[in-house]
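Okay, structure first, notes after.
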Amino acid sequence: MKPTAVELLNWQVTAELSARLGGAVLQSWAGRFNAREKKPADLVTEADLASQAVIAETVRARYPEHGFLGEEGQPTLNPDSDVRWIVDPLDGTTNYVHGFPYYAVSIGVEVAGELVVGVVYDPTRNDLFSAAKGQGAKLNGHLIRVSDVAELRKAMLVASIPVAVHASEPAVARFLAVLQQAQTVQRTGSAAMNLAYVACGRLDGFWSTSLKPWDMAGGAVLVREAGGFVSDLNLANLDIETGRILATGTNPLSREVSTLIA
């Protein structure tokens with residue numbers, strides 16, 4: 001199935017609306033929910049479920065035949081559909097729980113395995129990042145582009161490292177290897193926001209080996225449509241099922257980072 005321009009636009013509009021509704025739910029719950037441990041250092045809240053519920057309701061009302069994969073509390077719907085909505089109702093849960101304003105709603109639309117629509121919404125700043133295949137990427141309606149930084153020594157990068165990670169694990173070794181050569185490397189706690197910031201040039205690159213499909217589906221579209229490069233750590237084609245992603249603004253930067261982390 002090859003979606004038409006009209007279908008892409010309609011899906012994008014629905015994703016934007018759904019993300020805003022989910023973000024409004026998150027803000028309404030902020031500061032008044034009950035947090036509980038899901039696993040060490042990884043908190044889940046009732047806000048996750050409430051945000052996903054309103055997103056699922058909005059999408060299903062318009063596209064009941066489409067597949068739907070969400071992070072929280074719901075099995076995959078219509079798994080045989082060519083079109084799949086991949087939703088993270090709250091990316092950056094620990095940040096959210098602690099009142100650190102770096103979290104987002106992330107929505108990606110995939111057609112026959114290809115990501116074609118991506119939306120990341122930051123409700124704390126009312127920033128809506130949105131993209132559709134062949135249409136470019138926008139922030140609050142204005143076109144955005146990745147940075148042109150091509151050398152690691154000049155780059156600001158971010159990495160996602162698994163929670164409760166041991167010092168001897170490869171993820172830590174990768175972080176330290178890049179840290180020694182980059183201008184700076186950070187760990188922020190929201191893959192969706194990291195990808196959105198790569199797309200608009202606020203960050204030069206991002207990588208992770210521990211993500212789920214919903215963490216990166218929306219943001220990967222943003223980076224590609226903003227002129228950036230998204231791949232596996234070894235520069236192979238991105239497969240969101242593997243949990244591995246490298247996203248940068250330039251091909252030379254991707255190659256240099258890949259030599260340290262692949």
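We name chains A, B, ... following the order of the structure tokens; residues begin at 1 in each chain, and ligands are numbered from 1 as shown.
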
| Contacts of stretch 124-129 of chain A at 6 Å (only C-alpha atoms; same-chain gap of 5+ positions) as a PyMOL selection string | chain A and resi 119+138-140

For the residues selected in the previous step, produce a file with C-alpha atoms as a compact mmCIF listing (two decimals), in the first residue's frame.
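Full text of selection.txt as output:
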# COMPACT_ATOMS: atom_id res chain seq x y z
CA VAL A 119 4.56 13.82 15.62
CA LYS A 138 7.86 21.55 11.08
CA LEU A 139 7.90 23.01 14.57
CA ASN A 140 4.70 24.91 15.34

| request: From stretch 37-231 of chain A, collect each residue whose DSSP state is alpha helix (DSSP H) and return the set as number ranges by chain. | output: A: 46-62, 93-97, 170-179, 191-199, 213-225

| request: Going by DSSP on the backbone, which bits of stretch 143-189 of chain A are strand (DSSP E)? Write them as a ChimeraX atom specification, please. | output: /A:143,156-160,184-186

| said: Which residues are near A:Asp48? Cut-off 8 Å, only C-alpha atoms, ignore same chain within fewer than 4 positions. Put them as a VMD selection string. | reply: chain A and resid 26 44 52 72 89 to 90

How about saving the chosen residues, N, CA and C atoms kept, as a PDB file, in the first residue's frame?
ATOM      1  N   LEU A  26      -1.732  14.850  30.209  1.00  0.00           N
ATOM      2  CA  LEU A  26      -0.532  14.798  31.043  1.00  0.00           C
ATOM      3  C   LEU A  26      -0.432  16.026  31.945  1.00  0.00           C
ATOM      4  N   VAL A  44       5.979   4.431  36.468  1.00  0.00           N
ATOM      5  CA  VAL A  44       4.821   4.556  35.595  1.00  0.00           C
ATOM      6  C   VAL A  44       3.699   5.206  36.382  1.00  0.00           C
ATOM      7  N   GLN A  52      -2.835   7.721  26.908  1.00  0.00           N
ATOM      8  CA  GLN A  52      -2.994   6.760  25.819  1.00  0.00           C
ATOM      9  C   GLN A  52      -4.463   6.516  25.488  1.00  0.00           C
ATOM     10  N   GLU A  72       1.356   1.547  26.865  1.00  0.00           N
ATOM     11  CA  GLU A  72       0.751   1.237  28.150  1.00  0.00           C
ATOM     12  C   GLU A  72      -0.575   0.495  28.056  1.00  0.00           C
ATOM     13  N   PRO A  89       2.436   7.470  24.931  1.00  0.00           N
ATOM     14  CA  PRO A  89       1.629   8.549  25.521  1.00  0.00           C
ATOM     15  C   PRO A  89       2.392   9.441  26.485  1.00  0.00           C
ATOM     16  N   LEU A  90       3.556   8.949  26.938  1.00  0.00           N
ATOM     17  CA  LEU A  90       4.404   9.757  27.822  1.00  0.00           C
ATOM     18  C   LEU A  90       5.825   9.237  27.709  1.00  0.00           C
TER      19      LEU A  90
END

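Nearest to A:Cys200 of all the residues A:Val146, A:Ile161, A:Asp239, A:Gly249 is A:Val146, counting only C-alpha atoms.
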